[in-house]
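Text of query-v9.pdb (PDB, C-alpha atoms, pLDDT in the B column) as supplied:
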ATOM      1  CA  MET D 951      -5.972  13.503  -3.834  1.00 96.00           C
ATOM      2  CA  LEU D 952      -8.323  12.530  -1.028  1.00 98.00           C
ATOM      3  CA  ILE D 953      -7.079  10.579   1.987  1.00 98.00           C
ATOM      4  CA  LYS D 954      -8.752   8.869   4.922  1.00 98.00           C
ATOM      5  CA  TYR D 955      -7.807   6.671   7.862  1.00 98.00           C
ATOM      6  CA  SER D 956     -10.693   4.463   8.962  1.00 98.00           C
ATOM      7  CA  GLU D 957     -10.805   3.120  12.505  1.00 96.00           C
ATOM      8  CA  LYS D 958     -13.234   0.433  11.363  1.00 96.00           C
ATOM      9  CA  LYS D 959     -11.474  -2.929  10.985  1.00 97.00           C
ATOM     10  CA  LEU D 960     -11.917  -4.577   7.594  1.00 97.00           C
ATOM     11  CA  THR D 961     -10.603  -7.856   6.251  1.00 98.00           C
ATOM     12  CA  TYR D 962      -8.717  -7.490   2.984  1.00 98.00           C
ATOM     13  CA  THR D 963      -9.461 -10.427   0.668  1.00 97.00           C
ATOM     14  CA  GLY D 964      -8.342  -9.070  -2.698  1.00 97.00           C
ATOM     15  CA  LYS D 965     -11.934  -8.422  -3.780  1.00 97.00           C
ATOM     16  CA  GLU D 966     -11.502  -4.847  -2.519  1.00 98.00           C
ATOM     17  CA  LEU D 967      -8.969  -4.143  -5.267  1.00 97.00           C
ATOM     18  CA  ARG D 968     -11.590  -2.951  -7.744  1.00 97.00           C
ATOM     19  CA  SER D 969     -12.896   0.219  -9.309  1.00 97.00           C
ATOM     20  CA  LEU D 970     -14.919   2.486  -7.041  1.00 98.00           C
ATOM     21  CA  PHE D 971     -14.455   0.378  -3.899  1.00 98.00           C
ATOM     22  CA  ILE D 972     -13.063   3.439  -2.125  1.00 98.00           C
ATOM     23  CA  TYR D 973     -15.979   5.600  -3.289  1.00 98.00           C
ATOM     24  CA  ASN D 974     -18.603   3.011  -2.385  1.00 98.00           C
ATOM     25  CA  THR D 975     -17.048   2.105   0.984  1.00 98.00           C
ATOM     26  CA  PHE D 976     -15.463   5.349   2.229  1.00 98.00           C
ATOM     27  CA  ASN D 977     -17.441   7.926   0.192  1.00 98.00           C
ATOM     28  CA  LEU D 978     -14.293   9.429  -1.367  1.00 98.00           C
ATOM     29  CA  GLN D 979     -14.924  10.244  -5.017  1.00 98.00           C
ATOM     30  CA  GLY D 980     -11.881  10.738  -7.244  1.00 97.00           C
ATOM     31  CA  ASP D 981      -8.200   9.967  -6.769  1.00 98.00           C
ATOM     32  CA  ALA D 982      -7.971   8.639  -3.225  1.00 98.00           C
ATOM     33  CA  LEU D 983      -5.878   6.743  -0.714  1.00 98.00           C
ATOM     34  CA  VAL D 984      -7.410   5.068   2.336  1.00 98.00           C
ATOM     35  CA  SER D 985      -5.973   3.116   5.246  1.00 98.00           C
ATOM     36  CA  PHE D 986      -7.474   0.671   7.712  1.00 98.00           C
ATOM     37  CA  GLN D 987      -6.436  -2.237   9.896  1.00 98.00           C
ATOM     38  CA  GLY D 988      -7.597  -5.809   9.625  1.00 98.00           C
ATOM     39  CA  GLU D 989      -6.860  -9.356   8.682  1.00 98.00           C
ATOM     40  CA  CYS D 990      -5.417 -10.125   5.249  1.00 97.00           C
ATOM     41  CA  ASP D 991      -6.679 -13.317   3.635  1.00 96.00           C
ATOM     42  CA  VAL D 992      -6.159 -13.414  -0.128  1.00 96.00           C
ATOM     43  CA  LYS D 993      -6.961 -16.768  -1.714  1.00 94.00           C
ATOM     44  CA  LEU D 994      -5.390 -17.778  -5.023  1.00 92.00           C
ATOM     45  CA  SER D 995      -8.714 -17.162  -6.807  1.00 92.00           C
ATOM     46  CA  GLU D 996      -8.506 -13.449  -5.855  1.00 93.00           C
ATOM     47  CA  MET D 997      -4.791 -13.006  -6.602  1.00 91.00           C
ATOM     48  CA  VAL D 998      -3.833 -10.338  -9.105  1.00 93.00           C
ATOM     49  CA  ASP D 999      -0.126 -11.241  -9.021  1.00 90.00           C
ATOM     50  CA  GLN D1000       0.146 -14.273 -11.288  1.00 92.00           C
ATOM     51  CA  GLU D1001       3.648 -15.029 -10.017  1.00 89.00           C
ATOM     52  CA  ASP D1002       2.105 -15.736  -6.610  1.00 88.00           C
ATOM     53  CA  VAL D1003      -0.601 -17.856  -8.235  1.00 90.00           C
ATOM     54  CA  LYS D1004       1.987 -19.954 -10.096  1.00 92.00           C
ATOM     55  CA  ALA D1005       3.943 -20.345  -6.852  1.00 90.00           C
ATOM     56  CA  ASN D1006       0.733 -21.398  -5.046  1.00 90.00           C
ATOM     57  CA  ALA D1007       1.391 -18.637  -2.482  1.00 89.00           C
ATOM     58  CA  PRO D1008      -1.812 -17.227  -0.969  1.00 88.00           C
ATOM     59  CA  ILE D1009      -1.380 -14.252   1.359  1.00 94.00           C
ATOM     60  CA  TYR D1010      -2.380 -14.318   5.000  1.00 95.00           C
ATOM     61  CA  SER D1011      -1.772 -12.176   8.055  1.00 97.00           C
ATOM     62  CA  PRO D1012      -3.938 -12.008  11.166  1.00 97.00           C
ATOM     63  CA  LEU D1013      -3.467  -8.234  11.328  1.00 98.00           C
ATOM     64  CA  MET D1014      -2.181  -5.748   8.766  1.00 98.00           C
ATOM     65  CA  LEU D1015      -2.233  -2.034   8.183  1.00 98.00           C
ATOM     66  CA  HIS D1016      -3.813  -1.761   4.731  1.00 98.00           C
ATOM     67  CA  PHE D1017      -3.595   1.004   2.147  1.00 98.00           C
ATOM     68  CA  LEU D1018      -5.843   1.095  -0.915  1.00 98.00           C
ATOM     69  CA  ALA D1019      -5.496   3.698  -3.644  1.00 98.00           C
ATOM     70  CA  GLU D1020      -7.367   4.472  -6.837  1.00 98.00           C
ATOM     71  CA  PHE D1021      -6.257   6.916  -9.499  1.00 97.00           C
ATOM     72  CA  PHE D1022      -8.369   7.791 -12.513  1.00 97.00           C
ATOM     73  CA  GLY D1023      -6.755   8.255 -15.907  1.00 88.00           C
ATOM     74  CA  ASP D1024      -3.528   6.344 -15.240  1.00 86.00           C
ATOM     75  CA  ASP D1025      -2.137   3.355 -17.076  1.00 92.00           C
ATOM     76  CA  LEU D1026      -0.464   0.321 -15.540  1.00 95.00           C
ATOM     77  CA  ARG D1027       3.083   1.726 -15.943  1.00 96.00           C
ATOM     78  CA  CYS D1028       2.055   4.807 -13.966  1.00 95.00           C
ATOM     79  CA  ALA D1029       0.386   2.615 -11.335  1.00 96.00           C
ATOM     80  CA  VAL D1030       3.540   0.554 -10.825  1.00 97.00           C
ATOM     81  CA  THR D1031       5.625   3.748 -10.653  1.00 97.00           C
ATOM     82  CA  ARG D1032       3.279   5.186  -8.012  1.00 97.00           C
ATOM     83  CA  GLN D1033       3.492   1.890  -6.130  1.00 98.00           C
ATOM     84  CA  ARG D1034       7.305   2.120  -5.981  1.00 98.00           C
ATOM     85  CA  LEU D1035       7.100   5.752  -4.810  1.00 98.00           C
ATOM     86  CA  PHE D1036       4.565   4.717  -2.181  1.00 98.00           C
ATOM     87  CA  ILE D1037       6.791   1.923  -0.861  1.00 98.00           C
ATOM     88  CA  ALA D1038       9.808   4.277  -0.779  1.00 98.00           C
ATOM     89  CA  SER D1039       7.710   6.811   1.165  1.00 98.00           C
ATOM     90  CA  ILE D1040       6.668   4.154   3.679  1.00 98.00           C
ATOM     91  CA  LEU D1041      10.284   3.074   4.102  1.00 98.00           C
ATOM     92  CA  GLU D1042      11.366   6.650   4.886  1.00 98.00           C
ATOM     93  CA  ILE D1043       8.720   6.946   7.596  1.00 98.00           C
ATOM     94  CA  LEU D1044       9.579   3.570   9.124  1.00 98.00           C
ATOM     95  CA  GLN D1045      13.257   4.537   9.210  1.00 98.00           C
ATOM     96  CA  GLU D1046      12.355   7.788  11.006  1.00 97.00           C
ATOM     97  CA  HIS D1047      10.196   6.018  13.618  1.00 96.00           C
ATOM     98  CA  ALA D1048      12.431   3.012  14.232  1.00 97.00           C
ATOM     99  CA  PRO D1049      15.967   3.870  13.049  1.00 97.00           C
ATOM    100  CA  HIS D1050      17.416   0.955  15.022  1.00 97.00           C
ATOM    101  CA  ILE D1051      15.583  -1.553  12.787  1.00 98.00           C
ATOM    102  CA  PRO D1052      17.387  -2.602   9.553  1.00 98.00           C
ATOM    103  CA  TRP D1053      14.483  -1.790   7.193  1.00 98.00           C
ATOM    104  CA  LYS D1054      15.241  -2.544   3.538  1.00 98.00           C
ATOM    105  CA  ARG D1055      13.292  -2.098   0.315  1.00 98.00           C
ATOM    106  CA  SER D1056      13.569  -4.558  -2.533  1.00 96.00           C
ATOM    107  CA  GLY D1057      11.359  -3.593  -5.462  1.00 95.00           C
ATOM    108  CA  ASP D1058       7.834  -3.186  -4.136  1.00 96.00           C
ATOM    109  CA  ASP D1059       8.418  -4.896  -0.794  1.00 96.00           C
ATOM    110  CA  ILE D1060       9.915  -3.955   2.559  1.00 98.00           C
ATOM    111  CA  TYR D1061      11.935  -6.400   4.644  1.00 98.00           C
ATOM    112  CA  VAL D1062      13.709  -6.616   7.974  1.00 98.00           C
ATOM    113  CA  GLU D1063      16.567  -8.979   7.326  1.00 96.00           C
ATOM    114  CA  LYS D1064      14.838 -11.751   5.353  1.00 95.00           C
ATOM    115  CA  LYS D1065      11.463 -11.270   7.014  1.00 97.00           C
ATOM    116  CA  LYS D1066       8.669  -9.713   4.993  1.00 97.00           C
ATOM    117  CA  VAL D1067       7.076  -6.534   6.337  1.00 98.00           C
ATOM    118  CA  SER D1068       4.818  -5.780   3.367  1.00 98.00           C
ATOM    119  CA  VAL D1069       2.763  -7.055   0.495  1.00 97.00           C
ATOM    120  CA  SER D1070       1.962  -4.786  -2.416  1.00 97.00           C
ATOM    121  CA  ILE D1071       0.333  -4.924  -5.821  1.00 97.00           C
ATOM    122  CA  ALA D1072      -0.601  -2.421  -8.515  1.00 98.00           C
ATOM    123  CA  THR D1073      -3.051  -3.123 -11.308  1.00 97.00           C
ATOM    124  CA  ALA D1074      -5.365  -1.366 -13.728  1.00 95.00           C
ATOM    125  CA  SER D1075      -9.078  -1.438 -14.418  1.00 94.00           C
ATOM    126  CA  PRO D1076     -10.897  -0.038 -17.444  1.00 94.00           C
ATOM    127  CA  VAL D1077     -11.411   3.280 -15.603  1.00 95.00           C
ATOM    128  CA  SER D1078      -8.546   3.562 -13.114  1.00 97.00           C
ATOM    129  CA  SER D1079      -5.346   2.227 -11.653  1.00 97.00           C
ATOM    130  CA  LEU D1080      -5.381   0.530  -8.281  1.00 98.00           C
ATOM    131  CA  LEU D1081      -2.886  -0.104  -5.520  1.00 98.00           C
ATOM    132  CA  HIS D1082      -2.935  -2.221  -2.373  1.00 98.00           C
ATOM    133  CA  THR D1083      -0.160  -2.310   0.185  1.00 98.00           C
ATOM    134  CA  GLY D1084      -0.370  -4.155   3.465  1.00 98.00           C
ATOM    135  CA  LEU D1085       2.098  -3.845   6.338  1.00 98.00           C
ATOM    136  CA  ASN D1086       2.209  -6.640   8.893  1.00 98.00           C
ATOM    137  CA  ILE D1087       1.298  -5.436  12.349  1.00 98.00           C
ATOM    138  CA  VAL D1088       1.851  -8.862  13.897  1.00 96.00           C
ATOM    139  CA  SER D1089       4.333 -11.422  12.611  1.00 94.00           C
ATOM    140  CA  LYS D1090       2.857 -14.668  13.935  1.00 94.00           C
ATOM    141  CA  ASN D1091       0.749 -17.163  11.959  1.00 93.00           C
ATOM    142  CA  THR D1092       1.885 -15.981   8.518  1.00 94.00           C
ATOM    143  CA  PRO D1093       2.790 -18.404   5.696  1.00 92.00           C
ATOM    144  CA  VAL D1094       6.215 -16.782   5.222  1.00 93.00           C
ATOM    145  CA  PRO D1095       8.697 -15.385   7.751  1.00 95.00           C
ATOM    146  CA  ALA D1096       7.307 -11.957   8.641  1.00 97.00           C
ATOM    147  CA  TYR D1097       8.197  -8.880  10.657  1.00 98.00           C
ATOM    148  CA  GLY D1098       5.457  -6.636  12.022  1.00 97.00           C
ATOM    149  CA  LEU D1099       5.108  -3.025  13.015  1.00 98.00           C
ATOM    150  CA  GLY D1100       4.341  -4.315  16.508  1.00 96.00           C
ATOM    151  CA  ASP D1101       7.739  -6.035  16.596  1.00 97.00           C
ATOM    152  CA  ALA D1102       9.322  -2.614  16.006  1.00 97.00           C
ATOM    153  CA  GLY D1103       7.166  -0.915  18.636  1.00 96.00           C
ATOM    154  CA  VAL D1104       5.656   1.405  16.034  1.00 95.00           C
ATOM    155  CA  ASN D1105       2.360   3.230  16.694  1.00 96.00           C
ATOM    156  CA  THR D1106       0.239   1.891  13.837  1.00 96.00           C
ATOM    157  CA  GLU D1107      -2.361   4.653  13.641  1.00 97.00           C
ATOM    158  CA  LYS D1108       0.279   7.391  13.837  1.00 97.00           C
ATOM    159  CA  ILE D1109       2.308   5.732  11.072  1.00 97.00           C
ATOM    160  CA  ALA D1110      -0.808   5.336   8.919  1.00 98.00           C
ATOM    161  CA  LEU D1111      -1.655   9.030   9.167  1.00 98.00           C
ATOM    162  CA  GLU D1112       1.917  10.066   8.366  1.00 98.00           C
ATOM    163  CA  ILE D1113       2.024   7.758   5.329  1.00 98.00           C
ATOM    164  CA  LEU D1114      -1.303   9.103   4.038  1.00 98.00           C
ATOM    165  CA  HIS D1115      -0.179  12.722   4.362  1.00 98.00           C
ATOM    166  CA  LYS D1116       3.310  12.123   2.981  1.00 98.00           C
ATOM    167  CA  PHE D1117       2.014  10.371  -0.128  1.00 98.00           C
ATOM    168  CA  LYS D1118      -0.693  12.981  -0.680  1.00 98.00           C
ATOM    169  CA  LYS D1119       2.023  15.652  -0.579  1.00 98.00           C
ATOM    170  CA  GLU D1120       4.186  13.689  -3.046  1.00 97.00           C
ATOM    171  CA  ILE D1121       1.304  13.378  -5.516  1.00 96.00           C
ATOM    172  CA  GLU D1122       0.334  17.047  -5.176  1.00 96.00           C
ATOM    173  CA  GLU D1123       3.946  18.125  -5.700  1.00 96.00           C
ATOM    174  CA  ILE D1124       4.172  15.960  -8.835  1.00 95.00           C
ATOM    175  CA  GLU D1125       1.057  17.652 -10.201  1.00 93.00           C
ATOM    176  CA  LEU D1126       2.511  21.109  -9.447  1.00 96.00           C
ATOM    177  CA  ALA D1127       5.875  20.177 -10.984  1.00 96.00           C
ATOM    178  CA  LYS D1128       4.090  19.436 -14.265  1.00 92.00           C
ATOM    179  CA  CYS D1129       2.690  22.971 -14.257  1.00 94.00           C
ATOM    180  CA  LYS D1130       5.879  24.981 -13.766  1.00 94.00           C
ATOM    181  CA  VAL D1131       7.957  24.075 -16.786  1.00 93.00           C
ATOM    182  CA  ARG D1132       7.870  25.470 -20.290  1.00 91.00           C
ATOM    183  CA  TRP D1133       8.125  23.259 -23.309  1.00 90.00           C
ATOM    184  CA  VAL D1134      11.349  23.076 -25.279  1.00 93.00           C
ATOM    185  CA  THR D1135      12.051  22.807 -28.955  1.00 88.00           C
TER     186      THR D1135
END
Now, as a test, write the supplied structure out as structure tokens.
Amino acid sequence: MLIKYSEKKLTYTGKELRSLFIYNTFNLQGDALVSFQGECDVKLSEMVDQEDVKANAPIYSPLMLHFLAEFFGDDLRCAVTRQRLFIASILEILQEHAPHIPWKRSGDDIYVEKKKVSVSIATASPVSSLLHTGLNIVSKNTPVPAYGLGDAGVNTEKIALEILHKFKKEIEEIELAKCKVRWVT
């Protein structure tokens, strides 16, 4: 799996959650995970999560740490499973960096008390599965009560790099685990 942290700020609008965006934008061909900072402004017309559409709940944050992943050959069940593993990996790193903060995972989201730290979605395309996770950096001017990495005093770039490397290691270890067992009758 290829990984990259981009220092270039990009706004995430939901349109980026599509096949080959990572290849076309970051020149990473194949299974990949990228991270960048920028605004998050997902209108209802770009929403993948139909629960949010029905609730008329667009997503906005003036500054998030974004992660986009694409995996070729996976179905939607695998994508959602990877998403949960990704969120659990992020939670572990946040707990290491700011153990005094009461981080909590519920499904595919991370909270501090009742304030939302993350947004996350997994979906599938005809050729791949896709994942977006955004972590609030700032907590002001959001449509829901939010908690940001800045509120916790976390170094955003350092966290991003650790998350990228941790998840890459998880995926590589899963691939190796498949290759060490014999079949049973």
Practice item. Could you tell me which of D:His1115, D:Lys1064, D:His1082, D:Lys1004 comes closest to Tyr962 (chain D) if we count only C-alpha atoms? Key: D:His1082
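With distances restricted to all atoms listed in the file, D:Tyr1061 is the closest residue to Gly1098 (chain D) from D:Tyr1061, D:Phe971, D:Phe1021, D:Trp1133.
Ranking D:Ser969, D:Thr963, D:Asn977, D:Ser1011 by their shortest atom-to-atom distance to Lys993 (chain D), with only C-alpha atoms included, puts D:Thr963 first.
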**Study point:** For Ser1070 (chain D), the nearest of the candidates D:Leu978, D:Val1104, D:Met1014, D:Ala1048, counting all atoms listed in the file
**Key:** D:Met1014
Practice item. Let me know the residues the PyMOL selection byres ((chain D and resi 1012) around 12) catches in the file above, as a ChimeraX atom specification. Key: /D:959-963,987-992,1009-1011,1013-1015,1084-1093,1096,1098
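Picture a line from CA of Gly1023 (chain D) to CA of Gly980 (chain D); it runs 10.4 Å.
Nearest to Leu1111 (chain D) of all the residues D:Ile1043, D:Leu967, D:Asp1002, D:Met997 is D:Ile1043, based on only C-alpha atoms.
With distances restricted to all atoms listed in the file, D:Val1062 is the closest residue to Asp1101 (chain D) from D:Arg968, D:Val1062, D:Ser1078, D:Val1131.
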